[in-house]
Amino acid sequence: MRYAETGYILEVDLSQGNIEKVPTDPKWAELFLGGLGTNVKILWDRVGPEVEPFSPDNLLIFSPGLLEGTSAIGANRTIISAGVSPQTSLMAFSMMGGFLGPELKHAGYDKVVIRGKSPDLVYLWINNDKVEIRDASHLRGKGALETAHLIREELNEPKAQVAAIGLAGENRVYFASVEHFRSSASRLGLGAIMGDKGLKAIAVRGTKDIYIAQPAKFFELCDEVLKYIEWREKNPIKGVPAILATIGAPQEMKLTDESWHTTSFAWGHARQRRKDFWNEEIEKKWTEIHEKAIKRLLSCYNCPVRCGAIIAYPALELPTYMMKCYTKLTYVMAAMADNLEFGYKIAGKAHDYGIDGFTAPQVMAFAIELYEAGILTDKDLPGFPSTNEERFFYLLEKIVRREGIGDVLANGVYWAARQIGRGAEEFDHNTTKKHEQMVIKLGMLNPIYFLMYGTGEKANITQIEGQIPQAPLPKEYREEFIKDWIQVPTRYAERFKQFILEWGDEGKVFPFWPPIDLVCELVEWQETMHYIDDSTGICAGLSSFPIKPPYHIHNLPLFISAATGLDIDEDTLWEIARRIRNFVRAYNVRRGLRRQDDYPPKDHWRKRFPEYEEKLLDSYYEFKGWNKEGIPTKKTLEKLGLDYVAEDLIKRGILKDEEVSSRETLAETEKK
Amino acid sequence: MAKKKVKVIKINADECNGCRACEAFCAAFHADPQYSSVNPARARIRVIHDPIRNVFLPVLAGPHTEVECMARDKYIIDGKEYNECAFCRATACPSREEFKDPDSGLPLKCDACETEPPLEEPICVKVCLVDALTYEEREEEAEEAEKLDELEVGLESLVDKYGMDKVMDTLARITISKKG
């Protein structure tokens with residue numbers, strides 16, 4: 001009997017209409033956990049570097065994590081991966097909360113792997129062992145939420161969980177999302193891949209058991225996490241902005257104080273901060289609108305934290321929809337609109353069309369900049385309205401239909417700038433790895449974020465950062481902060497606590513403090529916790545993202561061990577996360593990722609230190625066991641049991657057999 | 001007069017966040033051995049979950065029924081339309097799939113998690129941190145008179161069927177044999 005996992009993958013070939021239930025290797029959980037970890041293994045084995053994003057050989061994987069289907073609190077993410085993103089040409093991965101992941105496990109599958117392309121628009125109906133590819137031609141052009149509703153009605157199965165694409169995905173918009181419930185897997189164009197495969201939706205109903213290896217122990221762990229959540233919600237972190245003091249995603253559906261986001265992040269096309277934006281008048285107006293719009297706070301499966309909300313009020317003139325987090329503001333800020341109602345209205349439409357609420361507003365703001373600079377004209381934008389709010393609605397409709405200039409803009413800022421030419425490239429200032437980044441324009445270089453933005457492959461800083469405050473704590477709170485900071489990893493515990501105590505003191509400020517080795521360790525910790533979550537399916541909102549979360553490197557190994565029966569401790573789990581991280585990097589390296597791609601946008605910070613930045617990158621690569629080009633060395637890969645990966649990279653001439661990172665050279669010399 | 005314990009799981013649907021933790025933990029608690037498997041389809045509590053209509057309704061599995069109702073009900077409250085038979089707690093009703101074991105079809109009934117030693121509150125209540133489910137216990141006077149009535153009804157029907165003499169004779173015989 002398999003514990004925590006089902007032991008099966010559902011393989012669907014949309015070209016052939018073939019469906020197979022395939023047993024998995026029992027060793028996988030021990031090596032890669034599940035979710036992202038096992039996704040990258042499959043992608044490495046089956047999607048070569050020659051595969052194009054819209055090739056039938058590109059794979060699309062829907063995967064719950066290892067702990068999903070157990071009663072682990074907040075284990076509900078669906079990790080969606082594709083071999084090739086249309087935007088970056090690297091691996092596409094994004095994830096979403098909700099109910100789909102657990103339902104898939106109960107239907108009896110650890111993942112659904114989709115290959116090929118359907119000649120007609122279809123949807124997949126997984127009802128335990130009965131799996132059908134069904135006609136979706138009547139759903140063409142329908143919104144994502146409406147599609148979910150229609151499918152449940154058609155199947156007469158109100159309990160089916162549905163993930164669907166909207167018009168944007170059908171039209172292969174490069175930043176199209178996959179939508180489910182209040183959640184979206186938005187980044188890197190997974191919706192476009194789904195649309196290209198002719199797959200409108202997947203619907204799942206599962207009524208099977210998931211077994212727990214050590215039931216009593218596992219329940220005790222769940223109980224401890226629940227108790228901690230209850231305590232933590234009553235004890236916000238002192239000395240950080242309200243929005244960062246709690247757990248979950250930023251509680252923007254619950255809280256009305258938006259001073260932090262509106263004054264820290266850049267408005268327009270990631271251009272300018274408005275440090276004095278938040279005032280009493282705005283607060284009053286926005287609070288009123290917020291309270292009218294939000295009907296109820298929502299949670300994902302088996303989680304008490306209410307990060308989402310039902311949005312409905314007559315002024316929106318829209319069907320009811322659901323939202324979470326920062327999408328409330330991305331359109332408002334990009335459009336330089338001081339009107340929150342506009343934000344709710346356009347986000348509702350955008351959700352139904354299924355596009356990334358992070359990238360889309362930047363693309364629209366970019367188009368407006370080009371228009372104002374005379375690079376795009378009335379010929380490109382016939383009937384272009386005069387206000388930014390109207391322009392955003394105009395552009396939304398053009399983009400999701402790929403109509404006129406929308407066909408170009410639908411490829412994202414990087415590609416659109418190059419297709420438009422005439423100097424448009426100059427306006428592409430906020431992308432890394434051809435993907436729109438967080439809208440920050442700050443003063444002093446932040447060495448920790450420099451490495452996270454630069455080297456992270458997840459194209460979303462919120463899926464890399466977490467655990468530490470974003471600015472030094474006021475002195476009076478530091479001692480108290482470290483007193484119960486149980487989340488720090490054993491290997492770095494004392495150093496991280498010292499960091500919190502000293503950060504902000506005289507001379508202990510960015511960019512040259514903290515020392516580079518500490519910078520590397522802090523980055524590694526933050527990223528490691530996310531890679532674990534992406535593979536267990538635990539929501540980052542309870543784990544890797546907030547400060548002092550309920551899940552951490554000390555209890556996660558216990559959860560995994562009690563659920564699966566494997567014997568996993570802190571060091572083993574760290575090693576597994578490192579294996580997955582290096583595997584993702586190697587996969588992307590095989591697709592062409594190099595050092596030149598590992599830089600954050602040039603104007604992220606005003607004060608830059610090119611030499612120091614090179615040193616940061618060199619040191620981080622060494623720390624990771626990567627060579628000067630950011631490629632994991634043979635030794636690094638072999639140590640992680642990824643010999644076959646090293647061999648492949650050597651055979652392709654990407655990696656040299658004898659190549660070692662400088663850190664390895666040093667270690668060798670010391671030994672001698 | 002004897003006392004009896006009345007257990008009430010109070011459901012505040014307005015506070016429900018739709019997370020279905022109650023379902024997951026109910027199923028795990030009732031697994032054999034306890035917590036050895038998880039499967040919300042085996043839960044004795046269900047959350048009717050329809051966010052677009054803002055319908056969030058936890059329903060506890062109640063008594064067993066073998067026949068469906070002659071007319072089904074459908075409620076609209078404060079403009080929200082609930083599913084057919086939404087509030088019905090009957091288990092194993094032939095009209096629907098609710099509260100049936102997914103494998104055997106056997107009825108699943110809420111037992112308020114009675115175990116030895118007893119829980120402080122049923123598991124669904126314990127894991128509901130948003131307080132959509134809360135628990136109350138109270139003591140009620142048990143109506144002993146009712147039991148006597150039952151006995152009377154039974155004896156009367158026996159007298160009707162066999163006649164007073166035969167019943168008296170039998171009672172006397174039983175009395176002797178019990179004493180003997």
# chains A, B, ... in the order shown; residues from 1 in each chain; ligands from 1
>>> interface_residues(of="chain B", to="chain A", cutoff="8 Å", atoms="only C-alpha atoms", output="list in words")
Asn17, Gly18, Cys19, Arg20, Ala21, Cys22, Ala24, Phe25, Ala28, Pro33, Gln34, Tyr35, Ser36, Ser37, Val38, Asn39, Pro40, Ala41, Arg42, Pro51, Ile52, Arg53, Asn54, Pro102, Val127, Cys128, Leu129 and Val130 of chain B
>>> residues_around(residues="Leu340 in chain A", least_positions_apart="4", cutoff="12 Å", atoms="only C-alpha atoms", output="ChimeraX atom specification")
/A:256,258,262,282-293,315-316,327-333,335-336,344-347,389
>>> select_by_dssp(residues="range 2-141 of chain B", states="helix (DSSP H, G or I)", output="list in words")
Ala13, Asp14, Glu15, Ala21, Cys22, Glu23, Ala24, Phe25, Cys26, Ala27, Ala28, Phe29, Pro40, Ala41, Arg42, Pro51, Ile52, Arg53, Ile123, Cys124, Val125 and Lys126 of chain B
>>> atom_distance(atom1="CA of Ser386 in chain A", atom2="CA of Val408 in chain A")
21.4 Å
>>> residues_around(residues="Tyr75 in chain B", least_positions_apart="2", cutoff="12 Å", atoms="only C-alpha atoms", output="VMD selection string")
chain B and resid 55 72 to 73 77 to 88
>>> write_last_selection(atoms="C-alpha atoms", output="compact mmCIF listing (two decimals), in the first residue's frame")
# COMPACT_ATOMS: atom_id res chain seq x y z
CA VAL B 55 -24.11 29.60 -0.53
CA ARG B 72 -38.92 18.01 -2.42
CA ASP B 73 -38.23 21.39 -0.91
CA ILE B 77 -33.61 32.96 1.85
CA ASP B 78 -32.48 36.58 1.56
CA GLY B 79 -32.45 36.20 -2.20
CA LYS B 80 -30.14 33.18 -2.11
CA GLU B 81 -31.47 30.05 -3.70
CA TYR B 82 -30.40 26.82 -2.00
CA ASN B 83 -30.18 23.43 -3.68
CA GLU B 84 -33.09 21.04 -3.65
CA CYS B 85 -33.36 19.38 -0.23
CA ALA B 86 -30.33 21.41 0.87
CA PHE B 87 -31.24 21.50 4.54
CA CYS B 88 -32.32 17.86 4.72
>>> residues_around(residues="Gly443 in chain A", least_positions_apart="6", cutoff="8 Å", atoms="only C-alpha atoms", output="PyMOL selection string")
chain A and resi 605-607
>>> write_last_selection(atoms="C-alpha atoms", output="CSV table (one decimal), in the first residue's frame")
chain,number,residue,atom,x,y,z
A,605,TRP,CA,17.1,50.2,-7.8
A,606,ARG,CA,18.4,53.6,-8.5
A,607,LYS,CA,21.7,53.0,-6.8
>>> closest_residue(among="B:Asn12, B:Leu151, B:Asp103, B:Arg44", to="Asn128 in chain A", atoms="only C-alpha atoms")
B:Asp103
>>> residues_around(residues="Glu457 in chain A", least_positions_apart="5", cutoff="12 Å", atoms="only C-alpha atoms", output="MDAnalysis selection string")
chainID A and resid 85 88:94 187:188 432:435 437 451:452 462:464 527 530:531 581:589 593:594 597:600
>>> atom_distance(atom1="CA of Lys238 in chain A", atom2="CA of Gln251 in chain A")
16.2 Å
>>> select_by_dssp(residues="chain B", states="strand (DSSP E or B)", output="mmCIF file with N, CA and C atoms, in the first residue's frame")
data_model
loop_
_atom_site.group_PDB
_atom_site.id
_atom_site.type_symbol
_atom_site.label_atom_id
_atom_site.label_comp_id
_atom_site.auth_asym_id
_atom_site.auth_seq_id
_atom_site.Cartn_x
_atom_site.Cartn_y
_atom_site.Cartn_z
ATOM 1 N N LYS B 3 -31.972 12.709 34.126
ATOM 2 C CA LYS B 3 -31.450 13.751 33.243
ATOM 3 C C LYS B 3 -30.918 13.097 31.975
ATOM 4 N N LYS B 4 -31.056 13.783 30.886
ATOM 5 C CA LYS B 4 -30.360 13.288 29.697
ATOM 6 C C LYS B 4 -29.534 14.413 29.077
ATOM 7 N N LYS B 5 -28.414 14.026 28.451
ATOM 8 C CA LYS B 5 -27.505 15.012 27.869
ATOM 9 C C LYS B 5 -27.940 15.303 26.430
ATOM 10 N N VAL B 6 -28.124 16.576 26.125
ATOM 11 C CA VAL B 6 -28.485 16.947 24.748
ATOM 12 C C VAL B 6 -27.271 17.624 24.099
ATOM 13 N N LYS B 7 -26.852 17.099 22.968
ATOM 14 C CA LYS B 7 -25.676 17.647 22.280
ATOM 15 C C LYS B 7 -26.128 18.466 21.086
ATOM 16 N N VAL B 8 -25.619 19.670 20.978
ATOM 17 C CA VAL B 8 -26.016 20.534 19.866
ATOM 18 C C VAL B 8 -24.784 21.048 19.130
ATOM 19 N N ILE B 9 -24.732 20.787 17.840
ATOM 20 C CA ILE B 9 -23.704 21.417 17.015
ATOM 21 C C ILE B 9 -24.377 22.609 16.348
ATOM 22 N N LYS B 10 -23.933 23.779 16.753
ATOM 23 C CA LYS B 10 -24.583 24.992 16.276
ATOM 24 C C LYS B 10 -23.890 25.419 14.981
ATOM 25 N N ILE B 11 -24.677 25.629 13.947
ATOM 26 C CA ILE B 11 -24.107 25.943 12.635
ATOM 27 C C ILE B 11 -24.402 27.394 12.280
ATOM 28 N N SER B 37 -6.965 7.072 7.330
ATOM 29 C CA SER B 37 -7.226 7.469 5.950
ATOM 30 C C SER B 37 -8.076 8.725 5.941
ATOM 31 N N VAL B 38 -8.012 9.422 4.830
ATOM 32 C CA VAL B 38 -8.768 10.668 4.684
ATOM 33 C C VAL B 38 -9.576 10.574 3.397
ATOM 34 N N ILE B 45 -20.515 15.031 7.660
ATOM 35 C CA ILE B 45 -20.917 16.431 7.557
ATOM 36 C C ILE B 45 -20.549 16.866 6.136
ATOM 37 N N ARG B 46 -21.396 17.670 5.524
ATOM 38 C CA ARG B 46 -21.111 18.124 4.157
ATOM 39 C C ARG B 46 -21.278 19.628 4.102
ATOM 40 N N VAL B 47 -20.395 20.261 3.366
ATOM 41 C CA VAL B 47 -20.565 21.692 3.161
ATOM 42 C C VAL B 47 -21.072 21.905 1.741
ATOM 43 N N ILE B 48 -22.272 22.410 1.644
ATOM 44 C CA ILE B 48 -22.768 22.794 0.315
ATOM 45 C C ILE B 48 -22.068 24.103 -0.017
ATOM 46 N N HIS B 49 -21.348 24.107 -1.119
ATOM 47 C CA HIS B 49 -20.330 25.116 -1.375
ATOM 48 C C HIS B 49 -20.571 25.672 -2.762
ATOM 49 N N ASP B 50 -21.149 26.850 -2.834
ATOM 50 C CA ASP B 50 -21.438 27.445 -4.138
ATOM 51 C C ASP B 50 -21.135 28.935 -4.059
ATOM 52 N N VAL B 55 -23.485 30.640 -1.331
ATOM 53 C CA VAL B 55 -24.113 29.595 -0.528
ATOM 54 C C VAL B 55 -23.031 28.746 0.133
ATOM 55 N N PHE B 56 -22.995 28.789 1.441
ATOM 56 C CA PHE B 56 -22.055 27.988 2.224
ATOM 57 C C PHE B 56 -22.846 27.381 3.359
ATOM 58 N N LEU B 57 -23.111 26.089 3.274
ATOM 59 C CA LEU B 57 -24.040 25.500 4.226
ATOM 60 C C LEU B 57 -23.542 24.151 4.736
ATOM 61 N N PRO B 58 -22.988 24.119 5.940
ATOM 62 C CA PRO B 58 -22.621 22.824 6.517
ATOM 63 C C PRO B 58 -23.886 22.087 6.970
ATOM 64 N N VAL B 59 -24.000 20.820 6.597
ATOM 65 C CA VAL B 59 -25.162 20.014 6.983
ATOM 66 C C VAL B 59 -24.671 18.736 7.650
ATOM 67 N N LEU B 60 -25.232 18.417 8.818
ATOM 68 C CA LEU B 60 -24.850 17.202 9.545
ATOM 69 C C LEU B 60 -25.731 16.042 9.126
ATOM 70 N N HIS B 64 -31.730 7.964 9.353
ATOM 71 C CA HIS B 64 -31.773 7.145 8.149
ATOM 72 C C HIS B 64 -33.180 7.169 7.546
ATOM 73 N N ILE B 76 -35.477 29.647 -0.761
ATOM 74 C CA ILE B 76 -34.823 30.908 -1.108
ATOM 75 C C ILE B 76 -34.862 31.756 0.156
ATOM 76 N N ILE B 77 -33.680 32.141 0.630
ATOM 77 C CA ILE B 77 -33.614 32.960 1.848
ATOM 78 C C ILE B 77 -32.738 34.170 1.543
ATOM 79 N N LYS B 80 -31.059 34.251 -1.730
ATOM 80 C CA LYS B 80 -30.138 33.175 -2.110
ATOM 81 C C LYS B 80 -30.920 31.886 -2.292
ATOM 82 N N GLU B 81 -30.743 31.283 -3.451
ATOM 83 C CA GLU B 81 -31.467 30.055 -3.696
ATOM 84 C C GLU B 81 -30.603 28.860 -3.290
ATOM 85 N N THR B 91 -29.990 10.459 5.913
ATOM 86 C CA THR B 91 -28.930 9.657 5.309
ATOM 87 C C THR B 91 -29.563 8.589 4.432
ATOM 88 N N LYS B 100 -23.901 8.826 1.948
ATOM 89 C CA LYS B 100 -23.807 7.385 1.698
ATOM 90 C C LYS B 100 -22.336 7.067 1.538
ATOM 91 N N PRO B 107 -25.481 3.963 4.886
ATOM 92 C CA PRO B 107 -25.699 5.312 5.397
ATOM 93 C C PRO B 107 -24.592 5.769 6.353
ATOM 94 N N LEU B 133 -18.932 26.346 13.146
ATOM 95 C CA LEU B 133 -19.465 25.253 13.955
ATOM 96 C C LEU B 133 -19.035 25.471 15.404
ATOM 97 N N THR B 134 -20.009 25.479 16.288
ATOM 98 C CA THR B 134 -19.691 25.536 17.716
ATOM 99 C C THR B 134 -20.509 24.455 18.419
ATOM 100 N N TYR B 135 -20.128 24.150 19.651
ATOM 101 C CA TYR B 135 -20.744 23.008 20.313
ATOM 102 C C TYR B 135 -21.351 23.416 21.642
ATOM 103 N N GLU B 136 -22.519 22.902 21.896
ATOM 104 C CA GLU B 136 -23.167 23.149 23.183
ATOM 105 C C GLU B 136 -23.701 21.844 23.735
ATOM 106 N N GLU B 137 -23.605 21.719 25.052
ATOM 107 C CA GLU B 137 -24.204 20.555 25.715
ATOM 108 C C GLU B 137 -25.123 21.076 26.793
ATOM 109 N N ARG B 138 -26.248 20.457 26.945
ATOM 110 C CA ARG B 138 -27.084 20.840 28.089
ATOM 111 C C ARG B 138 -27.799 19.598 28.600
ATOM 112 N N GLU B 139 -28.286 19.729 29.815
ATOM 113 C CA GLU B 139 -29.014 18.606 30.395
ATOM 114 C C GLU B 139 -30.487 18.916 30.316
ATOM 115 N N GLU B 140 -31.238 17.888 30.006
ATOM 116 C CA GLU B 140 -32.681 18.074 29.962
ATOM 117 C C GLU B 140 -33.331 17.054 30.878
ATOM 118 N N GLU B 141 -34.465 17.419 31.428
ATOM 119 C CA GLU B 141 -35.237 16.451 32.203
ATOM 120 C C GLU B 141 -35.712 15.374 31.233
#
>>> residues_around(residues="Glu369 in chain A", least_positions_apart="3", cutoff="8 Å", atoms="only C-alpha atoms", output="MDAnalysis selection string")
chainID A and resid 269 365:366 372:373 427
>>> write_last_selection(atoms="C-alpha atoms", output="short mmCIF file (atom, residue, chain, number, x, y, z; two decimals), in the first residue's frame")
data_model
loop_
_atom_site.label_atom_id
_atom_site.label_comp_id
_atom_site.auth_asym_id
_atom_site.auth_seq_id
_atom_site.Cartn_x
_atom_site.Cartn_y
_atom_site.Cartn_z
CA HIS A 269 4.38 50.93 -16.17
CA ALA A 365 0.58 50.46 -19.14
CA PHE A 366 3.43 49.76 -21.58
CA GLU A 372 2.08 58.75 -25.53
CA ALA A 373 5.58 58.53 -27.00
CA PHE A 427 10.30 50.83 -22.86
#
>>> atom_distance(atom1="CA of Glu66 in chain B", atom2="CA of Pro94 in chain B")
6.9 Å
>>> closest_residue(among="A:Gly248, A:Arg271, A:Lys349, A:Leu445", to="Ser544 in chain A", atoms="only C-alpha atoms")
A:Gly248
>>> closest_residue(among="A:Glu157, A:Glu575, A:Asp428, A:Glu390", to="Glu98 in chain B", atoms="only C-alpha atoms")
A:Glu157
